[in-house]
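Q: Got a file for you: my_file_11.cif, mmCIF, C-alpha atoms.
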data_protein
#
loop_
_atom_site.group_PDB
_atom_site.id
_atom_site.type_symbol
_atom_site.label_atom_id
_atom_site.label_comp_id
_atom_site.auth_asym_id
_atom_site.auth_seq_id
_atom_site.Cartn_x
_atom_site.Cartn_y
_atom_site.Cartn_z
ATOM 1 C CA MET A 10 44.977 -77.610 -16.649
ATOM 2 C CA THR A 11 45.694 -74.056 -15.536
ATOM 3 C CA SER A 12 42.589 -71.876 -15.618
ATOM 4 C CA LEU A 13 42.070 -69.541 -18.556
ATOM 5 C CA PHE A 14 42.203 -66.542 -16.224
ATOM 6 C CA LYS A 15 45.617 -67.553 -14.883
ATOM 7 C CA ARG A 16 46.897 -68.246 -18.388
ATOM 8 C CA GLY A 17 45.725 -64.805 -19.474
ATOM 9 C CA ALA A 18 47.459 -63.253 -16.472
ATOM 10 C CA ALA A 19 50.689 -65.039 -17.411
ATOM 11 C CA GLU A 20 50.414 -63.740 -20.979
ATOM 12 C CA ALA A 21 49.867 -60.182 -19.752
ATOM 13 C CA LEU A 22 52.722 -60.385 -17.252
ATOM 14 C CA GLY A 23 55.127 -61.869 -19.769
ATOM 15 C CA SER A 24 54.202 -59.339 -22.451
ATOM 16 C CA ALA A 25 54.692 -56.497 -19.970
ATOM 17 C CA PHE A 26 58.172 -57.622 -18.980
ATOM 18 C CA LEU A 27 59.084 -58.331 -22.600
ATOM 19 C CA LEU A 28 58.199 -54.780 -23.653
ATOM 20 C CA ALA A 29 59.838 -53.283 -20.586
ATOM 21 C CA GLY A 30 62.947 -55.168 -21.646
ATOM 22 C CA ILE A 31 62.795 -54.137 -25.293
ATOM 23 C CA VAL A 32 61.965 -50.467 -24.768
ATOM 24 C CA GLY A 33 63.929 -50.003 -21.540
ATOM 25 C CA SER A 34 67.099 -51.510 -22.989
ATOM 26 C CA GLY A 35 66.610 -49.397 -26.101
ATOM 27 C CA ILE A 36 66.485 -46.230 -24.010
ATOM 28 C CA MET A 37 69.512 -47.249 -21.957
ATOM 29 C CA ALA A 38 71.448 -48.265 -25.069
ATOM 30 C CA GLN A 39 70.709 -44.980 -26.777
ATOM 31 C CA ARG A 40 71.860 -43.014 -23.743
ATOM 32 C CA LEU A 41 75.089 -44.965 -23.266
ATOM 33 C CA SER A 42 76.208 -45.621 -26.850
ATOM 34 C CA ASP A 43 77.228 -42.023 -27.598
ATOM 35 C CA GLY A 44 75.501 -41.998 -30.972
ATOM 36 C CA ASN A 45 76.873 -45.374 -32.121
ATOM 37 C CA ALA A 46 73.746 -46.953 -33.632
ATOM 38 C CA SER A 47 75.307 -50.377 -34.185
ATOM 39 C CA LEU A 48 76.410 -50.581 -30.553
ATOM 40 C CA ALA A 49 72.970 -49.481 -29.377
ATOM 41 C CA LEU A 50 71.326 -52.158 -31.512
ATOM 42 C CA LEU A 51 73.678 -54.811 -30.159
ATOM 43 C CA GLU A 52 72.895 -53.807 -26.585
ATOM 44 C CA ASN A 53 69.163 -53.795 -27.320
ATOM 45 C CA THR A 54 69.458 -57.207 -28.982
ATOM 46 C CA LEU A 55 71.261 -58.865 -26.084
ATOM 47 C CA ALA A 56 68.833 -57.518 -23.497
ATOM 48 C CA THR A 57 65.805 -58.559 -25.553
ATOM 49 C CA ALA A 58 67.105 -62.079 -26.164
ATOM 50 C CA GLY A 59 68.016 -62.504 -22.516
ATOM 51 C CA ILE A 60 64.682 -61.452 -21.069
ATOM 52 C CA LEU A 61 62.781 -63.394 -23.714
ATOM 53 C CA MET A 62 64.565 -66.644 -22.871
ATOM 54 C CA CYS A 63 63.903 -66.157 -19.150
ATOM 55 C CA LEU A 64 60.224 -65.320 -19.635
ATOM 56 C CA ILE A 65 59.595 -68.347 -21.858
ATOM 57 C CA ALA A 66 61.254 -70.650 -19.331
ATOM 58 C CA ALA A 67 59.362 -69.146 -16.388
ATOM 59 C CA LEU A 68 55.863 -68.704 -17.846
ATOM 60 C CA GLY A 69 55.783 -71.304 -20.609
ATOM 61 C CA PRO A 70 54.471 -74.053 -18.321
ATOM 62 C CA ILE A 71 51.527 -71.820 -17.371
ATOM 63 C CA SER A 72 50.281 -70.358 -20.651
ATOM 64 C CA GLY A 73 52.641 -71.516 -23.375
ATOM 65 C CA ALA A 74 54.349 -68.104 -23.199
ATOM 66 C CA HIS A 75 53.073 -66.854 -26.542
ATOM 67 C CA PHE A 76 53.320 -63.106 -25.749
ATOM 68 C CA ASN A 77 52.415 -62.661 -29.414
ATOM 69 C CA PRO A 78 48.962 -62.458 -31.096
ATOM 70 C CA ALA A 79 50.388 -63.967 -34.294
ATOM 71 C CA VAL A 80 51.455 -67.064 -32.357
ATOM 72 C CA SER A 81 48.098 -67.354 -30.592
ATOM 73 C CA ILE A 82 46.131 -66.991 -33.836
ATOM 74 C CA ALA A 83 48.337 -69.591 -35.527
ATOM 75 C CA ASP A 84 47.876 -71.898 -32.539
ATOM 76 C CA ALA A 85 44.091 -71.519 -32.814
ATOM 77 C CA ILE A 86 44.211 -72.408 -36.498
ATOM 78 C CA ARG A 87 46.099 -75.598 -35.647
ATOM 79 C CA GLY A 88 43.629 -76.457 -32.867
ATOM 80 C CA GLY A 89 45.756 -75.650 -29.841
ATOM 81 C CA LEU A 90 43.489 -72.846 -28.601
ATOM 82 C CA SER A 91 39.785 -72.183 -28.973
ATOM 83 C CA TRP A 92 38.888 -68.829 -30.478
ATOM 84 C CA ARG A 93 37.512 -67.752 -27.097
ATOM 85 C CA GLU A 94 40.876 -68.520 -25.514
ATOM 86 C CA THR A 95 42.628 -66.766 -28.374
ATOM 87 C CA ALA A 96 40.623 -63.583 -27.838
ATOM 88 C CA LEU A 97 41.598 -63.530 -24.170
ATOM 89 C CA TYR A 98 45.253 -64.254 -24.986
ATOM 90 C CA VAL A 99 45.403 -61.443 -27.541
ATOM 91 C CA GLY A 100 43.722 -58.971 -25.197
ATOM 92 C CA ALA A 101 46.117 -59.912 -22.407
ATOM 93 C CA GLN A 102 49.125 -59.606 -24.701
ATOM 94 C CA LEU A 103 48.117 -56.157 -25.944
ATOM 95 C CA SER A 104 47.301 -54.782 -22.500
ATOM 96 C CA GLY A 105 50.456 -56.275 -21.025
ATOM 97 C CA ALA A 106 52.626 -54.916 -23.815
ATOM 98 C CA ILE A 107 51.288 -51.390 -23.333
ATOM 99 C CA ALA A 108 51.816 -51.706 -19.579
ATOM 100 C CA GLY A 109 55.411 -52.707 -20.270
ATOM 101 C CA VAL A 110 55.988 -49.584 -22.350
ATOM 102 C CA VAL A 111 54.442 -47.434 -19.619
ATOM 103 C CA THR A 112 56.826 -49.085 -17.160
ATOM 104 C CA ALA A 113 59.898 -48.498 -19.325
ATOM 105 C CA ASN A 114 59.015 -44.887 -20.084
ATOM 106 C CA THR A 115 58.359 -44.203 -16.395
ATOM 107 C CA MET A 116 61.597 -45.834 -15.220
ATOM 108 C CA PHE A 117 63.599 -43.508 -17.456
ATOM 109 C CA GLY A 118 61.705 -40.347 -16.565
ATOM 110 C CA LEU A 119 59.891 -40.020 -19.891
ATOM 111 C CA PRO A 120 56.199 -39.316 -20.574
ATOM 112 C CA ILE A 121 54.065 -42.337 -19.710
ATOM 113 C CA LEU A 122 52.988 -42.749 -23.330
ATOM 114 C CA PHE A 123 54.117 -40.636 -26.285
ATOM 115 C CA ALA A 124 53.833 -41.440 -29.975
ATOM 116 C CA SER A 125 57.006 -42.443 -31.759
ATOM 117 C CA HIS A 126 58.358 -40.478 -34.720
ATOM 118 C CA ARG A 127 60.786 -43.231 -35.791
ATOM 119 C CA VAL A 128 60.086 -44.064 -39.443
ATOM 120 C CA ARG A 129 59.885 -47.782 -40.267
ATOM 121 C CA SER A 130 58.107 -48.122 -43.572
ATOM 122 C CA GLY A 131 58.365 -49.362 -47.146
ATOM 123 C CA PRO A 132 58.088 -52.687 -48.998
ATOM 124 C CA ALA A 133 61.546 -53.860 -47.908
ATOM 125 C CA GLN A 134 60.709 -53.566 -44.220
ATOM 126 C CA TRP A 135 57.239 -55.064 -44.700
ATOM 127 C CA PHE A 136 58.801 -58.066 -46.419
ATOM 128 C CA ALA A 137 61.375 -58.258 -43.627
ATOM 129 C CA GLU A 138 58.564 -58.540 -41.090
ATOM 130 C CA PHE A 139 56.991 -61.341 -43.120
ATOM 131 C CA VAL A 140 60.333 -63.180 -43.185
ATOM 132 C CA ALA A 141 61.023 -62.550 -39.490
ATOM 133 C CA THR A 142 57.640 -63.858 -38.354
ATOM 134 C CA PHE A 143 57.681 -66.775 -40.797
ATOM 135 C CA GLY A 144 61.018 -67.895 -39.373
ATOM 136 C CA LEU A 145 59.878 -67.392 -35.790
ATOM 137 C CA LEU A 146 56.861 -69.642 -36.270
ATOM 138 C CA LEU A 147 58.959 -72.315 -37.962
ATOM 139 C CA VAL A 148 61.275 -72.321 -34.948
ATOM 140 C CA ILE A 149 58.339 -72.483 -32.545
ATOM 141 C CA TRP A 150 56.522 -75.298 -34.367
ATOM 142 C CA GLY A 151 59.672 -77.313 -34.954
ATOM 143 C CA CYS A 152 60.925 -77.053 -31.381
ATOM 144 C CA THR A 153 57.470 -77.628 -29.915
ATOM 145 C CA ARG A 154 57.174 -80.842 -31.906
ATOM 146 C CA PHE A 155 60.722 -82.178 -31.691
ATOM 147 C CA ARG A 156 62.923 -80.254 -29.229
ATOM 148 C CA SER A 157 60.655 -78.624 -26.657
ATOM 149 C CA ALA A 158 63.384 -78.379 -24.010
ATOM 150 C CA LEU A 159 65.421 -76.158 -26.331
ATOM 151 C CA LEU A 160 62.591 -73.821 -27.215
ATOM 152 C CA PRO A 161 63.381 -70.928 -24.809
ATOM 153 C CA LEU A 162 66.966 -70.783 -26.045
ATOM 154 C CA ALA A 163 66.014 -71.352 -29.693
ATOM 155 C CA VAL A 164 63.402 -68.582 -29.793
ATOM 156 C CA ALA A 165 65.686 -66.123 -28.010
ATOM 157 C CA ALA A 166 68.573 -66.984 -30.333
ATOM 158 C CA TYR A 167 66.357 -66.623 -33.406
ATOM 159 C CA ILE A 168 65.061 -63.205 -32.339
ATOM 160 C CA ALA A 169 68.620 -62.060 -31.584
ATOM 161 C CA SER A 170 69.804 -63.084 -35.035
ATOM 162 C CA ALA A 171 66.712 -61.662 -36.760
ATOM 163 C CA TYR A 172 67.427 -58.278 -35.181
ATOM 164 C CA TRP A 173 70.460 -58.227 -37.459
ATOM 165 C CA PHE A 174 69.506 -60.108 -40.615
ATOM 166 C CA THR A 175 66.215 -58.261 -41.225
ATOM 167 C CA SER A 176 65.972 -54.636 -42.318
ATOM 168 C CA SER A 177 63.105 -54.060 -39.858
ATOM 169 C CA THR A 178 65.056 -55.413 -36.836
ATOM 170 C CA SER A 179 62.440 -58.142 -36.450
ATOM 171 C CA PHE A 180 59.421 -56.940 -34.505
ATOM 172 C CA ALA A 181 57.641 -60.203 -35.514
ATOM 173 C CA ASN A 182 54.800 -59.526 -33.091
ATOM 174 C CA PRO A 183 51.658 -57.361 -33.467
ATOM 175 C CA ALA A 184 51.457 -56.571 -29.741
ATOM 176 C CA VAL A 185 55.100 -55.502 -29.699
ATOM 177 C CA THR A 186 54.529 -53.383 -32.797
ATOM 178 C CA ILE A 187 51.563 -51.527 -31.315
ATOM 179 C CA ALA A 188 53.239 -51.009 -27.954
ATOM 180 C CA ARG A 189 56.495 -49.758 -29.449
ATOM 181 C CA SER A 190 54.579 -47.035 -31.283
ATOM 182 C CA LEU A 191 53.876 -45.497 -27.866
ATOM 183 C CA SER A 192 57.471 -44.631 -26.985
ATOM 184 C CA ASP A 193 59.426 -42.101 -29.037
ATOM 185 C CA THR A 194 62.734 -43.794 -28.305
ATOM 186 C CA PHE A 195 65.299 -46.070 -29.952
ATOM 187 C CA ALA A 196 62.903 -49.030 -30.211
ATOM 188 C CA GLY A 197 59.935 -46.997 -31.448
ATOM 189 C CA ILE A 198 57.892 -47.076 -34.639
ATOM 190 C CA ARG A 199 55.508 -44.404 -35.919
ATOM 191 C CA PRO A 200 51.854 -45.341 -35.278
ATOM 192 C CA GLN A 201 51.055 -44.855 -38.973
ATOM 193 C CA ASP A 202 53.678 -47.469 -39.886
ATOM 194 C CA THR A 203 52.171 -50.215 -37.716
ATOM 195 C CA PRO A 204 49.299 -51.547 -39.920
ATOM 196 C CA GLU A 205 51.576 -52.844 -42.686
ATOM 197 C CA PHE A 206 53.937 -54.381 -40.136
ATOM 198 C CA ILE A 207 51.055 -56.199 -38.464
ATOM 199 C CA LEU A 208 49.614 -57.482 -41.744
ATOM 200 C CA ALA A 209 53.037 -58.788 -42.768
ATOM 201 C CA GLN A 210 53.480 -60.473 -39.390
ATOM 202 C CA ILE A 211 50.112 -62.230 -39.560
ATOM 203 C CA ALA A 212 50.827 -63.337 -43.124
ATOM 204 C CA GLY A 213 54.227 -64.696 -42.109
ATOM 205 C CA ALA A 214 52.782 -66.582 -39.158
ATOM 206 C CA LEU A 215 50.013 -68.128 -41.242
ATOM 207 C CA GLY A 216 52.414 -69.038 -44.032
ATOM 208 C CA ALA A 217 54.794 -70.811 -41.674
ATOM 209 C CA THR A 218 51.931 -72.588 -39.926
ATOM 210 C CA LEU A 219 50.510 -73.909 -43.191
ATOM 211 C CA LEU A 220 53.931 -74.999 -44.390
ATOM 212 C CA PHE A 221 54.715 -76.824 -41.152
ATOM 213 C CA ALA A 222 51.316 -78.521 -41.199
ATOM 214 C CA TRP A 223 52.231 -79.875 -44.632
ATOM 215 C CA LEU A 224 55.761 -80.869 -43.618
ATOM 216 C CA VAL A 225 54.668 -82.505 -40.352
ATOM 217 C CA PRO A 226 50.954 -83.377 -40.402
ATOM 218 C CA GLY A 227 49.149 -83.493 -37.078
ATOM 219 C CA ARG A 228 48.231 -81.002 -34.404
ATOM 220 C CA THR A 229 51.136 -79.192 -32.756
ATOM 221 C CA PRO A 230 49.604 -76.799 -30.228
ATOM 222 C CA ALA A 231 51.971 -74.117 -29.040
ATOM 223 C CA ARG A 232 50.177 -74.234 -25.678
ATOM 224 C CA ASP A 233 51.868 -77.566 -24.950
ATOM 225 C CA ALA A 234 55.283 -75.924 -24.854
ATOM 226 C CA PRO A 235 56.499 -72.348 -24.517
ATOM 227 C CA GLY A 236 56.943 -70.232 -27.579
ATOM 228 C CA PRO A 237 56.423 -66.500 -28.015
ATOM 229 C CA GLY A 238 57.945 -63.897 -30.153
#
Written as structure tokens, that's how I'd like the structure from this file.
A:
Amino acid sequence: MTSLFKRGAAEALGSAFLLAGIVGSGIMAQRLSDGNASLALLENTLATAGILMCLIAALGPISGAHFNPAVSIADAIRGGLSWRETALYVGAQLSGAIAGVVTANTMFGLPILFASHRVRSGPAQWFAEFVATFGLLLVIWGCTRFRSALLPLAVAAYIASAYWFTSSTSFANPAVTIARSLSDTFAGIRPQDTPEFILAQIAGALGATLLFAWLVPGRTPARDAPGPG
């Protein structure tokens, strides 16, 4: 088994590239779309889905490619990770995600870190985050158990679709939510809007995990196959 240190490094590296992809493509899309918000969102969606699929395929065999504290916590509840491992995963994901935002901001000549002013709040968007994360975990658990070879494509495709069918554009990831509050760009979220998003994401992940455990009893550790968010 790969050492915990190497798995943590893979989680940090993957989270960094994921956020560089999300925030960097958001900045590029905003600059090139000439004010067309739907076109900018489409460009951001395609870039995010593409980098996510590649990162899961590349790093999944090392760490499981969670890149998402909600996934790691759900995996610990199902017995796939110890809580010590989970703490390291979450720390790596958060630090990597922030490093990814620093990278994106720097590449586009922006301040290294600057708080977002993009408003994303209200019960509708909180519920959307619950739905987005619930669906993500169902895809992860189902593919991990039955179709592991399809998981990179399935997760990327789900996130791409959830960008459009949820009012929140599907953050579905506490580390992503925190990191995106540190870039006042297209993909940003105000820091004061993050707590409700994170609570909804954790609730969605736990709900999906409990439902899948009832539908398909038995341990299904996400570590055995890639699956972030």
Q: Select from range 100-171 of chain A every residue with an atom at most 9 Å from any atom of range 192-206 of chain A, then for each give the shortest pair of atoms and their distance in Å to one decimal, using all atoms listed in the file, rows by chain and rising number, as a Markdown table.
A:
| residue | atom | partner | partner_atom | distance |
| --- | --- | --- | --- | --- |
| A:Val110 | CA | A:Ser192 | CA | 6.9 |
| A:Val111 | CA | A:Ser192 | CA | 8.4 |
| A:Ala113 | CA | A:Ser192 | CA | 8.9 |
| A:Asn114 | CA | A:Ser192 | CA | 7.1 |
| A:Leu119 | CA | A:Ser192 | CA | 8.8 |
| A:Pro120 | CA | A:Ser192 | CA | 8.4 |
| A:Ile121 | CA | A:Ser192 | CA | 8.4 |
| A:Leu122 | CA | A:Ser192 | CA | 6.1 |
| A:Phe123 | CA | A:Ser192 | CA | 5.3 |
| A:Ala124 | CA | A:Ser192 | CA | 5.7 |
| A:Ser125 | CA | A:Asp193 | CA | 3.7 |
| A:His126 | CA | A:Arg199 | CA | 5.0 |
| A:Arg127 | CA | A:Ile198 | CA | 4.9 |
| A:Val128 | CA | A:Arg199 | CA | 5.8 |
| A:Arg129 | CA | A:Ile198 | CA | 6.0 |
| A:Ser130 | CA | A:Asp202 | CA | 5.8 |
| A:Gly131 | CA | A:Glu205 | CA | 8.8 |
| A:Gln134 | CA | A:Phe206 | CA | 8.0 |
| A:Trp135 | CA | A:Phe206 | CA | 5.7 |
| A:Phe136 | CA | A:Phe206 | CA | 8.8 |
| A:Glu138 | CA | A:Phe206 | CA | 6.3 |
| A:Phe139 | CA | A:Phe206 | CA | 8.2 |
Q: For this file, the PyMOL selection byres ((chain A and resi 41-49) around 12) selects which residues, as a CSV table (one decimal) with C-alpha atoms, keeping the file's coordinate frame?
A:
chain,number,residue,atom,x,y,z
A,31,ILE,CA,62.8,-54.1,-25.3
A,32,VAL,CA,62.0,-50.5,-24.8
A,33,GLY,CA,63.9,-50.0,-21.5
A,34,SER,CA,67.1,-51.5,-23.0
A,35,GLY,CA,66.6,-49.4,-26.1
A,36,ILE,CA,66.5,-46.2,-24.0
A,37,MET,CA,69.5,-47.2,-22.0
A,38,ALA,CA,71.4,-48.3,-25.1
A,39,GLN,CA,70.7,-45.0,-26.8
A,40,ARG,CA,71.9,-43.0,-23.7
A,50,LEU,CA,71.3,-52.2,-31.5
A,51,LEU,CA,73.7,-54.8,-30.2
A,52,GLU,CA,72.9,-53.8,-26.6
A,53,ASN,CA,69.2,-53.8,-27.3
A,54,THR,CA,69.5,-57.2,-29.0
A,55,LEU,CA,71.3,-58.9,-26.1
A,56,ALA,CA,68.8,-57.5,-23.5
A,172,TYR,CA,67.4,-58.3,-35.2
A,173,TRP,CA,70.5,-58.2,-37.5
A,178,THR,CA,65.1,-55.4,-36.8
A,194,THR,CA,62.7,-43.8,-28.3
A,195,PHE,CA,65.3,-46.1,-30.0
A,196,ALA,CA,62.9,-49.0,-30.2
Q: Using only C-alpha atoms - which residues lie no farther than 9 Å from the point (57.7, -54.9, -19.3) in the file's frame? Write them as an NGL selection string.
A: :A and (22-33 or 105-113)
Q: With the PyMOL selection byres ((chain A and resi 158) around 12) as the selection, what would be picked from this file? Answer as a CSV table (one decimal) with C-alpha atoms, in the coordinates of the input, please.
A:
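Full text of expr-v1.csv as output:
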chain,number,residue,atom,x,y,z
A,62,MET,CA,64.6,-66.6,-22.9
A,65,ILE,CA,59.6,-68.3,-21.9
A,66,ALA,CA,61.3,-70.6,-19.3
A,69,GLY,CA,55.8,-71.3,-20.6
A,70,PRO,CA,54.5,-74.1,-18.3
A,149,ILE,CA,58.3,-72.5,-32.5
A,151,GLY,CA,59.7,-77.3,-35.0
A,152,CYS,CA,60.9,-77.1,-31.4
A,153,THR,CA,57.5,-77.6,-29.9
A,154,ARG,CA,57.2,-80.8,-31.9
A,155,PHE,CA,60.7,-82.2,-31.7
A,156,ARG,CA,62.9,-80.3,-29.2
A,157,SER,CA,60.7,-78.6,-26.7
A,159,LEU,CA,65.4,-76.2,-26.3
A,160,LEU,CA,62.6,-73.8,-27.2
A,161,PRO,CA,63.4,-70.9,-24.8
A,162,LEU,CA,67.0,-70.8,-26.0
A,163,ALA,CA,66.0,-71.4,-29.7
A,164,VAL,CA,63.4,-68.6,-29.8
A,233,ASP,CA,51.9,-77.6,-25.0
A,234,ALA,CA,55.3,-75.9,-24.9
A,235,PRO,CA,56.5,-72.3,-24.5
A,236,GLY,CA,56.9,-70.2,-27.6
Q: Which residue, A:Ala166, A:Ala67, A:Ile207, A:Ala222, has the smallest gap to Ala79 in chain A when you use all atoms listed in the file?
A: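 When distances to Ala79 in chain A are compared using all atoms listed in the file, the smallest one comes from A:Ile207.
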